[in-house]
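A.B. asks: What follows is protein.cif, mmCIF, C-alpha atoms and all ligand atoms.
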data_entry
loop_
_atom_site.label_atom_id
_atom_site.label_comp_id
_atom_site.auth_asym_id
_atom_site.auth_seq_id
_atom_site.Cartn_x
_atom_site.Cartn_y
_atom_site.Cartn_z
CA MET A 25 -15.66 7.87 58.67
CA SER A 26 -16.86 9.54 61.86
CA GLU A 27 -19.13 7.72 64.28
CA ASN A 28 -21.86 10.31 63.64
CA GLU A 29 -21.75 9.74 59.92
CA SER A 30 -22.02 5.95 60.35
CA TYR A 31 -25.27 6.35 62.30
CA GLU A 32 -26.86 8.09 59.30
CA ILE A 33 -27.00 4.71 57.52
CA PRO A 34 -30.39 3.19 58.20
CA ASN A 35 -30.74 -0.51 59.00
CA MET A 36 -27.09 -0.78 59.98
CA PRO A 37 -26.20 -3.30 62.67
CA THR A 38 -26.38 -1.56 65.98
CA SER A 39 -24.01 -3.85 67.79
CA SER A 40 -21.27 -1.84 69.38
CA HIS A 41 -18.80 -4.61 68.37
CA ARG A 42 -19.39 -4.20 64.59
CA LYS A 43 -18.35 -1.09 62.75
CA PRO A 44 -21.03 -0.10 60.24
CA SER A 45 -19.84 -0.53 56.66
CA PRO A 46 -21.17 1.42 53.68
CA PHE A 47 -20.66 -1.70 51.51
CA LEU A 48 -23.30 -3.75 53.23
CA GLY A 49 -25.99 -3.18 50.63
CA ILE A 50 -26.76 -1.01 47.64
CA GLY A 51 -30.04 0.04 49.25
CA ASN A 52 -28.19 1.34 52.29
CA ILE A 53 -25.76 3.23 50.10
CA LEU A 54 -28.53 4.82 48.04
CA ARG A 55 -30.18 5.98 51.24
CA LEU A 56 -27.05 7.91 52.18
CA PRO A 57 -27.29 11.69 51.78
CA ASN A 58 -26.50 12.94 48.26
CA ASP A 59 -23.38 14.76 49.42
CA SER A 60 -21.90 11.56 50.88
CA THR A 61 -18.51 10.73 49.34
CA VAL A 62 -19.25 7.01 49.44
CA LYS A 63 -22.58 7.43 47.65
CA THR A 64 -21.02 9.69 44.99
CA ILE A 65 -18.26 7.17 44.24
CA VAL A 66 -20.58 4.15 44.20
CA VAL A 67 -23.15 5.87 41.95
CA ALA A 68 -20.38 7.00 39.57
CA LEU A 69 -18.99 3.45 39.45
CA LEU A 70 -22.42 1.97 38.82
CA LEU A 71 -23.07 4.48 36.06
CA CYS A 72 -19.73 3.59 34.42
CA LEU A 73 -20.55 -0.10 34.66
CA VAL A 74 -24.02 0.30 33.14
CA CYS A 75 -22.68 2.56 30.34
CA SER A 76 -19.81 0.22 29.49
CA VAL A 77 -22.18 -2.76 29.35
CA LEU A 78 -24.50 -0.78 27.05
CA VAL A 79 -21.67 0.40 24.78
CA SER A 80 -20.06 -3.07 24.56
CA THR A 81 -23.43 -4.71 23.85
CA ALA A 82 -24.17 -2.15 21.14
CA ALA A 83 -20.69 -2.61 19.62
CA VAL A 84 -21.04 -6.40 19.53
CA MET A 85 -24.60 -6.32 18.19
CA LEU A 86 -23.89 -3.67 15.55
CA LYS A 87 -20.67 -5.32 14.28
CA PRO A 88 -22.41 -7.51 11.65
CA PHE A 89 -24.33 -4.46 10.34
CA GLN A 90 -21.12 -2.40 10.21
CA LEU A 91 -19.32 -5.14 8.27
CA LYS A 92 -22.26 -5.47 5.87
CA ASN A 93 -22.36 -1.69 5.31
CA LYS A 94 -18.58 -1.59 4.79
CA SER A 95 -18.84 -4.35 2.21
CA LEU A 96 -21.76 -2.58 0.47
CA ASP A 97 -19.81 0.68 0.45
CA LYS A 98 -16.83 -1.02 -1.18
CA LYS A 99 -19.10 -2.61 -3.79
CA ARG A 100 -20.73 0.79 -4.45
CA ASN A 101 -17.28 2.28 -5.05
CA ILE A 102 -16.32 -0.52 -7.42
CA LEU A 103 -19.58 -0.04 -9.33
CA GLN A 104 -19.07 3.74 -9.42
CA VAL A 105 -15.51 3.59 -10.72
CA ALA A 106 -16.59 1.11 -13.40
CA GLY A 107 -19.54 3.33 -14.40
CA LEU A 108 -22.02 0.61 -13.37
CA TYR A 109 -23.58 2.32 -10.36
CA ARG A 110 -27.24 3.31 -10.68
CA ALA A 111 -28.69 5.36 -7.79
CA GLY A 112 -31.64 3.65 -6.11
CA ARG A 113 -30.83 0.21 -7.56
CA ASN A 114 -29.90 -2.73 -5.35
CA ILE A 115 -26.11 -2.79 -4.97
CA GLU A 116 -25.84 -6.57 -4.55
CA GLN A 117 -27.83 -7.04 -7.77
CA LEU A 118 -25.75 -4.51 -9.69
CA PHE A 119 -22.59 -6.14 -8.36
CA GLN A 120 -23.51 -9.37 -10.13
CA GLN A 121 -22.06 -7.73 -13.26
CA VAL A 122 -18.65 -7.81 -11.55
CA GLU A 123 -16.58 -10.97 -11.14
CA PRO A 124 -14.09 -10.86 -8.24
CA LYS A 125 -10.98 -13.07 -8.63
CA VAL A 126 -7.98 -13.52 -6.35
CA VAL A 127 -4.61 -13.11 -8.05
CA ASN A 128 -1.19 -14.35 -6.92
CA LEU A 129 0.82 -11.17 -7.42
CA ALA A 130 4.17 -12.95 -7.78
CA THR A 131 3.06 -15.23 -10.63
CA GLY A 132 0.24 -13.10 -11.97
CA GLU A 133 -1.97 -16.21 -12.05
CA TYR A 134 -5.49 -16.51 -10.66
CA ALA A 135 -5.51 -18.26 -7.28
CA ASN A 136 -8.78 -20.12 -7.84
CA GLU A 137 -8.32 -22.02 -4.58
CA ILE A 138 -8.95 -18.78 -2.64
CA LEU A 139 -12.56 -17.66 -2.58
CA PRO A 140 -12.76 -13.87 -3.10
CA GLY A 141 -15.58 -13.59 -0.53
CA GLU A 142 -13.31 -15.09 2.10
CA PHE A 143 -10.16 -13.14 1.24
CA ASP A 144 -9.51 -9.82 2.94
CA GLN A 145 -6.52 -8.19 1.28
CA ARG A 146 -6.08 -5.56 3.99
CA GLN A 147 -6.06 -8.20 6.74
CA ALA A 148 -3.67 -10.36 4.72
CA ALA A 149 -1.27 -7.42 4.34
CA LYS A 150 -0.87 -7.37 8.13
CA ASP A 151 -0.35 -11.13 8.48
CA PRO A 152 3.34 -12.18 8.34
CA LEU A 153 2.32 -15.53 6.83
CA ARG A 154 0.36 -13.90 4.02
CA ASN A 155 2.31 -10.72 3.32
CA VAL A 156 5.63 -9.67 1.83
CA HIS A 157 7.90 -6.98 3.16
CA ILE A 158 8.68 -4.29 0.57
CA PRO A 159 12.34 -3.20 0.62
CA SER A 160 12.52 0.54 1.27
CA ASP A 161 14.25 1.27 -2.05
CA ARG A 162 11.24 -0.26 -3.89
CA ASP A 163 8.55 1.03 -1.55
CA ILE A 164 7.60 4.10 -3.55
CA ALA A 165 3.99 3.89 -2.29
CA HIS A 166 5.25 3.92 1.34
CA ILE A 167 3.18 0.94 2.44
CA LYS A 168 6.02 -1.18 3.96
CA GLN A 169 4.28 -4.52 3.22
CA ARG A 170 1.58 -5.90 1.00
CA ALA A 171 -0.50 -9.08 0.78
CA LYS A 172 0.87 -11.84 -1.49
CA TYR A 173 -2.54 -12.00 -3.13
CA ALA A 174 -4.95 -9.32 -4.33
CA THR A 175 -8.57 -9.30 -5.37
CA VAL A 176 -9.21 -7.98 -8.87
CA TYR A 177 -12.68 -7.34 -10.26
CA LEU A 178 -13.56 -8.17 -13.85
CA VAL A 179 -16.37 -6.60 -15.81
CA LYS A 180 -17.30 -8.82 -18.74
CA GLU A 181 -19.39 -8.33 -21.84
CA GLN A 182 -20.41 -11.52 -23.66
CA GLU A 183 -17.74 -13.47 -21.77
CA GLU A 184 -15.06 -11.02 -22.94
CA ILE A 185 -13.31 -8.91 -20.31
CA LYS A 186 -14.24 -5.25 -20.73
CA TYR A 187 -12.56 -3.71 -17.68
CA PHE A 188 -10.07 -4.72 -15.03
CA ILE A 189 -10.72 -3.08 -11.66
CA LEU A 190 -7.58 -3.17 -9.54
CA PRO A 191 -7.28 -2.18 -5.87
CA VAL A 192 -4.46 0.29 -5.16
CA HIS A 193 -3.24 2.06 -2.06
CA GLY A 194 -0.37 4.22 -0.93
CA TYR A 195 0.60 7.16 1.21
CA GLY A 196 -0.36 10.73 0.35
CA LEU A 197 0.50 13.54 2.73
CA TRP A 198 -1.49 12.65 5.85
CA SER A 199 -2.93 9.27 5.14
CA THR A 200 -2.99 6.08 3.13
CA LEU A 201 -5.29 6.48 0.15
CA TYR A 202 -7.28 3.35 -0.80
CA GLY A 203 -8.96 3.16 -4.16
CA PHE A 204 -9.48 1.41 -7.45
CA VAL A 205 -8.02 2.00 -10.87
CA VAL A 206 -9.98 0.67 -13.82
CA LEU A 207 -8.19 -0.36 -17.01
CA HIS A 208 -9.69 -1.15 -20.40
CA ASN A 209 -9.13 -4.65 -21.76
CA ASP A 210 -5.80 -3.63 -23.33
CA ALA A 211 -4.57 -3.66 -19.69
CA ASN A 212 -3.00 -0.24 -20.32
CA THR A 213 -5.60 2.48 -20.94
CA VAL A 214 -7.24 3.99 -17.86
CA TYR A 215 -11.02 4.04 -17.69
CA GLY A 216 -11.21 5.60 -14.21
CA LEU A 217 -9.68 6.13 -10.79
CA GLN A 218 -11.52 6.51 -7.52
CA PHE A 219 -10.44 6.58 -3.88
CA TYR A 220 -12.86 5.30 -1.26
CA GLU A 221 -10.80 6.01 1.85
CA HIS A 222 -8.24 8.68 2.77
CA ALA A 223 -7.71 11.51 5.24
CA GLU A 224 -6.15 14.17 2.99
CA THR A 225 -7.23 17.76 3.63
CA PRO A 226 -10.62 18.70 2.14
CA GLY A 227 -10.08 21.31 -0.57
CA LEU A 228 -6.38 20.36 -0.99
CA GLY A 229 -5.37 16.69 -1.14
CA GLY A 230 -9.04 15.82 -0.63
CA GLU A 231 -9.65 17.07 -4.19
CA VAL A 232 -8.74 13.54 -5.32
CA ASP A 233 -12.49 13.00 -4.87
CA ASN A 234 -13.44 15.91 -7.13
CA PRO A 235 -15.37 14.45 -10.10
CA ALA A 236 -13.85 17.08 -12.41
CA TRP A 237 -10.35 15.85 -11.53
CA ARG A 238 -11.34 12.22 -11.76
CA THR A 239 -12.60 12.62 -15.32
CA LYS A 240 -9.09 13.69 -16.36
CA TRP A 241 -7.92 10.09 -15.92
CA SER A 242 -10.07 8.60 -18.66
CA GLY A 243 -7.98 7.57 -21.68
CA LYS A 244 -4.58 8.05 -20.03
CA MET A 245 -2.00 5.33 -20.64
CA ILE A 246 -0.13 3.52 -17.86
CA TYR A 247 2.81 1.91 -19.71
CA ASP A 248 5.25 3.13 -22.32
CA THR A 249 6.36 0.88 -25.18
CA LYS A 250 8.95 -0.77 -22.92
CA GLY A 251 6.28 -1.70 -20.37
CA THR A 252 7.46 0.81 -17.76
CA PRO A 253 4.67 2.54 -15.79
CA ARG A 254 4.82 6.19 -16.84
CA ILE A 255 1.47 7.39 -15.48
CA GLU A 256 1.98 10.60 -13.54
CA VAL A 257 0.17 13.45 -11.82
CA VAL A 258 2.17 16.50 -12.91
CA ARG A 259 2.69 19.76 -11.08
CA GLY A 260 0.30 22.27 -12.67
CA THR A 261 -1.43 21.60 -15.96
CA VAL A 262 -0.59 18.99 -18.58
CA ASP A 263 0.87 20.36 -21.83
CA SER A 264 -1.28 18.46 -24.31
CA GLY A 265 1.16 19.31 -27.11
CA LYS A 266 3.80 17.01 -25.65
CA ALA A 267 3.97 13.29 -26.48
CA GLU A 268 4.20 12.34 -22.78
CA SER A 269 0.87 14.07 -22.06
CA VAL A 270 -0.79 10.73 -22.75
CA TYR A 271 0.64 9.52 -19.41
CA GLN A 272 -0.06 12.75 -17.52
CA VAL A 273 -2.89 14.17 -15.41
CA ASP A 274 -3.16 17.73 -14.03
CA GLY A 275 -1.84 18.21 -10.49
CA LEU A 276 -4.08 19.18 -7.58
CA ALA A 277 -3.59 22.86 -6.75
CA GLY A 278 -1.84 23.34 -3.39
CA ALA A 279 -1.55 19.57 -2.94
CA THR A 280 1.68 18.58 -4.63
CA LEU A 281 2.40 15.97 -1.98
CA THR A 282 -0.91 14.17 -2.33
CA SER A 283 -0.53 14.37 -6.13
CA ARG A 284 2.91 12.81 -5.86
CA GLY A 285 1.48 10.11 -3.59
CA VAL A 286 -1.10 9.23 -6.26
CA THR A 287 1.64 8.95 -8.91
CA HIS A 288 3.71 6.71 -6.68
CA LEU A 289 0.93 4.43 -5.55
CA LEU A 290 -0.20 3.88 -9.15
CA ARG A 291 3.33 3.28 -10.36
CA TYR A 292 3.95 0.82 -7.53
CA TRP A 293 0.78 -1.22 -8.01
CA LEU A 294 1.10 -1.29 -11.79
CA SER A 295 4.80 -2.22 -11.69
CA GLN A 296 6.32 -5.70 -11.63
CA ASP A 297 6.06 -5.54 -7.81
CA GLY A 298 2.29 -5.17 -8.04
CA PHE A 299 -0.09 -6.15 -10.83
CA GLY A 300 2.62 -6.09 -13.54
CA PRO A 301 2.91 -9.90 -13.88
CA TYR A 302 -0.88 -10.28 -13.88
CA LEU A 303 -1.43 -7.62 -16.54
CA GLN A 304 1.39 -9.12 -18.62
CA ASN A 305 -0.36 -12.53 -18.47
CA VAL A 306 -3.57 -10.88 -19.55
CA ARG A 307 -1.87 -9.21 -22.52
CA ASN A 308 -0.12 -12.45 -23.47
CA GLN A 309 -3.40 -14.34 -23.39
CA ALA A 310 -5.05 -11.68 -25.55
CA THR A 311 -2.26 -11.88 -28.15
CA GLY A 312 -1.87 -15.66 -27.89
CA THR A 313 1.75 -15.47 -26.67
CA SER A 314 2.89 -17.57 -23.68
C1 LIG B 1 -3.47 22.70 7.04
C2 LIG B 1 -2.77 22.24 5.79
C3 LIG B 1 -3.24 21.12 5.14
C4 LIG B 1 -2.61 20.67 3.99
N1 LIG B 1 -3.07 19.57 3.36
C5 LIG B 1 -2.46 19.10 2.27
C6 LIG B 1 -2.88 17.93 1.61
O1 LIG B 1 -3.87 17.28 1.97
N2 LIG B 1 -2.16 17.50 0.54
C7 LIG B 1 -1.06 18.19 0.07
O2 LIG B 1 -0.43 17.73 -0.88
N3 LIG B 1 -0.66 19.32 0.66
C8 LIG B 1 -1.32 19.78 1.74
N4 LIG B 1 -0.89 20.92 2.33
C9 LIG B 1 0.16 21.68 1.71
C10 LIG B 1 1.50 21.03 1.90
O3 LIG B 1 1.97 21.27 3.17
C11 LIG B 1 2.46 21.59 0.85
O4 LIG B 1 2.63 22.95 1.08
C12 LIG B 1 1.89 21.41 -0.52
O5 LIG B 1 1.71 20.04 -0.77
C13 LIG B 1 2.79 22.01 -1.58
O6 LIG B 1 2.00 22.01 -2.76
P1 LIG B 1 2.10 23.20 -3.82
O7 LIG B 1 3.54 23.22 -4.20
O8 LIG B 1 1.18 22.78 -4.91
O9 LIG B 1 1.66 24.42 -3.10
C14 LIG B 1 -1.50 21.37 3.49
C15 LIG B 1 -1.04 22.51 4.14
C16 LIG B 1 -1.66 22.94 5.28
C17 LIG B 1 -1.15 24.15 5.98
#
Could you show the structure in this file as structure tokens?

C.D. replies:
Amino acid sequence: MSENESYEIPNMPTSSHRKPSPFLGIGNILRLPNDSTVKTIVVALLLCLVCSVLVSTAAVMLKPFQLKNKSLDKKRNILQVAGLYRAGRNIEQLFQQVEPKVVNLATGEYANEILPGEFDQRQAAKDPLRNVHIPSDRDIAHIKQRAKYATVYLVKEQEEIKYFILPVHGYGLWSTLYGFVVLHNDANTVYGLQFYEHAETPGLGGEVDNPAWRTKWSGKMIYDTKGTPRIEVVRGTVDSGKAESVYQVDGLAGATLTSRGVTHLLRYWLSQDGFGPYLQNVRNQATGTS
């Protein structure tokens, strides 16, 4: 800094032994001319500091609201896929018709010691203590690992289970699709399928959200007589004259890869590696077999 420039700072010590410093006080710096490099840098730094404090404060304060909205959105999706959603009605109230239960996927038994409200399946899938690695030859949904437990949602009518709502996820073309498949109480016939999160291309893979396509799932069967998941999104249109059409849904035009992803994620989650043991228990209980 030149000697001339230093004398532009008002209230600076005038002693010839002390070099004037621009860092002596914010007031001094603000009184510098607007084209001063020091003033420009200090003002920019201050602005950054103020903005980052504002953004961090907003992020921290809004977090509880975001979590609440996320939870409400998930509940709305569950209600929608089960046909229980009523626009304008309180979601928490409507959700009282749904009973969440945590299931041990290996045994297929309810894990009553885990409270559904405190269990986050997506977090658990990332936790080495609470997840299982999926060997690549079995990882048809391309998810690499999954939680040992899963939350299922039961819709009951006079204490009898009417629908099972099962969370499913797997890779499409660009993204992991997260959704719910709803089965009737035979634990085989599909009532509905709905994805609540994905990043497939709108108009192509994004057509998984198209209500017209989603209605095609109703009444389709998951398992053949041997208990193997046969459900499938075909390429093109289903030939309803063929016996296997009961397991098949029309493909999404121009989105064969997303369609294939949907087939694979359903087959994975409904296989013995996913909800298979649980659904087998359910069927055994219904028929009285052990
Ligand atoms: C910009 C762009 C976005 C695409 N998005 C998807 C998509 O979301 N899902 C999908 O399966 N295919 C998507 N495709 C097409 C795939 O690359 C591939 O061509 C298609 O899955 C083949 O399906 P088809 O045999 O039915 O044409 C996209 C292609 C382009 C150029």

A.B. asks: Produce a table with one row for each residue of chain A that has an atom at most 6 Å from any atom of ligand LIG 1 (chain B), each row naming the nearest atom pair and its distance in Å at one decimal; use only C-alpha atoms and all ligand atoms; arrange rows by chain and rising residue number; format as CSV.

C.D. replies:
residue,atom,partner,partner_atom,distance
A:Leu197,CA,B:LIG1,N2,5.2
A:Glu224,CA,B:LIG1,O1,4.0
A:Thr225,CA,B:LIG1,O1,3.8
A:Leu228,CA,B:LIG1,O1,5.0
A:Gly229,CA,B:LIG1,O1,3.5
A:Gly230,CA,B:LIG1,O1,6.0
A:Ala277,CA,B:LIG1,O8,5.1
A:Gly278,CA,B:LIG1,O8,3.4
A:Ala279,CA,B:LIG1,O2,3.0
A:Thr280,CA,B:LIG1,O6,3.9
A:Leu281,CA,B:LIG1,O2,3.5
A:Thr282,CA,B:LIG1,O2,3.9

A.B. asks: Check the smallest atom-to-atom distance from each of A:Ser95, A:Ser264, A:Asn114, A:Gln218 to Asp144 in chain A using only C-alpha atoms, then report the winner.

C.D. replies: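 Counting only C-alpha atoms, the residue closest to Asp144 in chain A is A:Ser95.
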
A.B. asks: Closest to Gly194 in chain A among A:Arg238, A:His208, A:Lys250, A:Lys168, using only C-alpha atoms?

C.D. replies: A:Lys168

A.B. asks: Enclose range 259-265 of chain A, meaning all of its atoms listed in the file, in a box aligned along x, y and z, pad it by 4 Å on each side, and list the centre and edge lengths in Å to one decimal, as JSON.

C.D. replies:
{"center_x": 0.6, "center_y": 20.4, "center_z": -19.1, "size_x": 12.1, "size_y": 11.8, "size_z": 24.0}

A.B. asks: Dig up all the protein and nucleic acid residues within 8 Å of (-18.4, 6.0, -1.9) in the file frame, using only C-alpha atoms, and format them as a PDB file with C-alpha atoms, keeping the file's coordinate frame.

C.D. replies:
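Output saved as out_25.pdb:
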ATOM      1  CA  ASP A  97     -19.810   0.680   0.450  1.00  0.00           C
ATOM      2  CA  LYS A  98     -16.830  -1.020  -1.180  1.00  0.00           C
ATOM      3  CA  ARG A 100     -20.730   0.790  -4.450  1.00  0.00           C
ATOM      4  CA  ASN A 101     -17.280   2.280  -5.050  1.00  0.00           C
ATOM      5  CA  GLN A 104     -19.070   3.740  -9.420  1.00  0.00           C
ATOM      6  CA  TYR A 220     -12.860   5.300  -1.260  1.00  0.00           C
TER       7      TYR A 220
END

A.B. asks: Nearest to Leu276 in chain A among A:Arg291, A:His157, A:Arg254, A:Lys240, with distances taken over all atoms listed in the file: which residue is it?

C.D. replies: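 Under the stated criterion, the closest residue is A:Lys240.
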
A.B. asks: Do you know which residues are at most 9 Å from Ser295 in chain A counting only C-alpha atoms, after dropping those on the same chain fewer than 6 positions away, and could you put them as a PDB file with C-alpha atoms, in the coordinates of the input?

C.D. replies:
ATOM      1  CA  GLY A 251       6.280  -1.700 -20.370  1.00  0.00           C
ATOM      2  CA  THR A 252       7.460   0.810 -17.760  1.00  0.00           C
ATOM      3  CA  PRO A 253       4.670   2.540 -15.790  1.00  0.00           C
ATOM      4  CA  PRO A 301       2.910  -9.900 -13.880  1.00  0.00           C
TER       5      PRO A 301
END

A.B. asks: Using only C-alpha atoms, which of the listed residues (A:Phe299, A:Tyr109, A:Phe119, A:Tyr215) sits closest to Thr175 in chain A?

C.D. replies: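 Ranking A:Phe299, A:Tyr109, A:Phe119, A:Tyr215 by distance to Thr175 in chain A, first place goes to A:Phe299.
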
A.B. asks: Considering only C-alpha atoms, can you say which of A:Val179, A:Ala149, A:Ala223, A:Val214 comes closest to Val270 in chain A?

C.D. replies: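 With only C-alpha atoms as the atom set, the closest residue is A:Val214.
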
A.B. asks: Between A:Ala174, A:Ile189, A:Ala310, A:Cys75, which one has atoms that come closest to Thr131 in chain A, using all atoms listed in the file?

C.D. replies: A:Ala174

A.B. asks: Suppose you want the space between CA of Thr200 in chain A and CA of Gln272 in chain A; what is it in Å?

C.D. replies: 21.9 Å

A.B. asks: Write out as a VMD selection string each polymer residue whose atoms come within 8 Å of range 120-122 of chain A, counting all atoms listed in the file; drop sequence neighbours fewer than 4 positions from it.

C.D. replies: chain A and resid 116 177 to 180

A.B. asks: Find the distance between CA of Ala165 in chain A and CA of Ile138 in chain A and write it in Å to one decimal.

C.D. replies: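 About the pair CA of Ala165 in chain A and CA of Ile138 in chain A: they are 26.1 Å apart.
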
A.B. asks: Figure out the distance between CA of Asp297 in chain A and CA of Lys266 in chain A, please, to one decimal in Å.

C.D. replies: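 Computed distance, CA of Lys266 in chain A to CA of Asp297 in chain A, equals 28.8 Å.
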
A.B. asks: Could I see range 172-188 of chain A restored to N, CA and C atoms, set down as a CSV table (one decimal), in the coordinates of the input?

C.D. replies:
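Everything below was put into rebuild33.csv:
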chain,number,residue,atom,x,y,z
A,172,LYS,N,0.3,-11.1,-0.3
A,172,LYS,CA,0.9,-11.8,-1.5
A,172,LYS,C,-0.2,-12.0,-2.6
A,173,TYR,N,-1.4,-11.9,-2.2
A,173,TYR,CA,-2.5,-12.0,-3.1
A,173,TYR,C,-3.4,-10.7,-3.2
A,174,ALA,N,-4.1,-10.5,-4.2
A,174,ALA,CA,-5.0,-9.3,-4.3
A,174,ALA,C,-6.2,-9.7,-5.0
A,175,THR,N,-7.3,-9.0,-4.7
A,175,THR,CA,-8.6,-9.3,-5.4
A,175,THR,C,-8.7,-8.3,-6.5
A,176,VAL,N,-8.9,-8.8,-7.7
A,176,VAL,CA,-9.2,-8.0,-8.9
A,176,VAL,C,-10.7,-8.2,-9.2
A,177,TYR,N,-11.3,-7.3,-9.9
A,177,TYR,CA,-12.7,-7.3,-10.3
A,177,TYR,C,-12.8,-7.2,-11.8
A,178,LEU,N,-13.4,-8.2,-12.4
A,178,LEU,CA,-13.6,-8.2,-13.8
A,178,LEU,C,-15.0,-7.8,-14.2
A,179,VAL,N,-15.1,-6.9,-15.2
A,179,VAL,CA,-16.4,-6.6,-15.8
A,179,VAL,C,-16.3,-7.2,-17.2
A,180,LYS,N,-17.3,-8.1,-17.5
A,180,LYS,CA,-17.3,-8.8,-18.7
A,180,LYS,C,-18.5,-8.4,-19.6
A,181,GLU,N,-18.3,-8.6,-20.9
A,181,GLU,CA,-19.4,-8.3,-21.8
A,181,GLU,C,-19.3,-9.5,-22.8
A,182,GLN,N,-20.4,-10.3,-22.9
A,182,GLN,CA,-20.4,-11.5,-23.7
A,182,GLN,C,-19.1,-12.4,-23.4
A,183,GLU,N,-18.9,-12.6,-22.2
A,183,GLU,CA,-17.7,-13.5,-21.8
A,183,GLU,C,-16.4,-12.9,-22.0
A,184,GLU,N,-16.3,-11.7,-22.7
A,184,GLU,CA,-15.1,-11.0,-22.9
A,184,GLU,C,-14.8,-10.0,-21.8
A,185,ILE,N,-13.6,-9.9,-21.3
A,185,ILE,CA,-13.3,-8.9,-20.3
A,185,ILE,C,-13.4,-7.5,-20.9
A,186,LYS,N,-14.1,-6.6,-20.3
A,186,LYS,CA,-14.2,-5.2,-20.7
A,186,LYS,C,-13.3,-4.3,-19.9
A,187,TYR,N,-13.4,-4.5,-18.6
A,187,TYR,CA,-12.6,-3.7,-17.7
A,187,TYR,C,-11.9,-4.6,-16.6
A,188,PHE,N,-10.7,-4.2,-16.2
A,188,PHE,CA,-10.1,-4.7,-15.0
A,188,PHE,C,-10.1,-3.7,-13.9
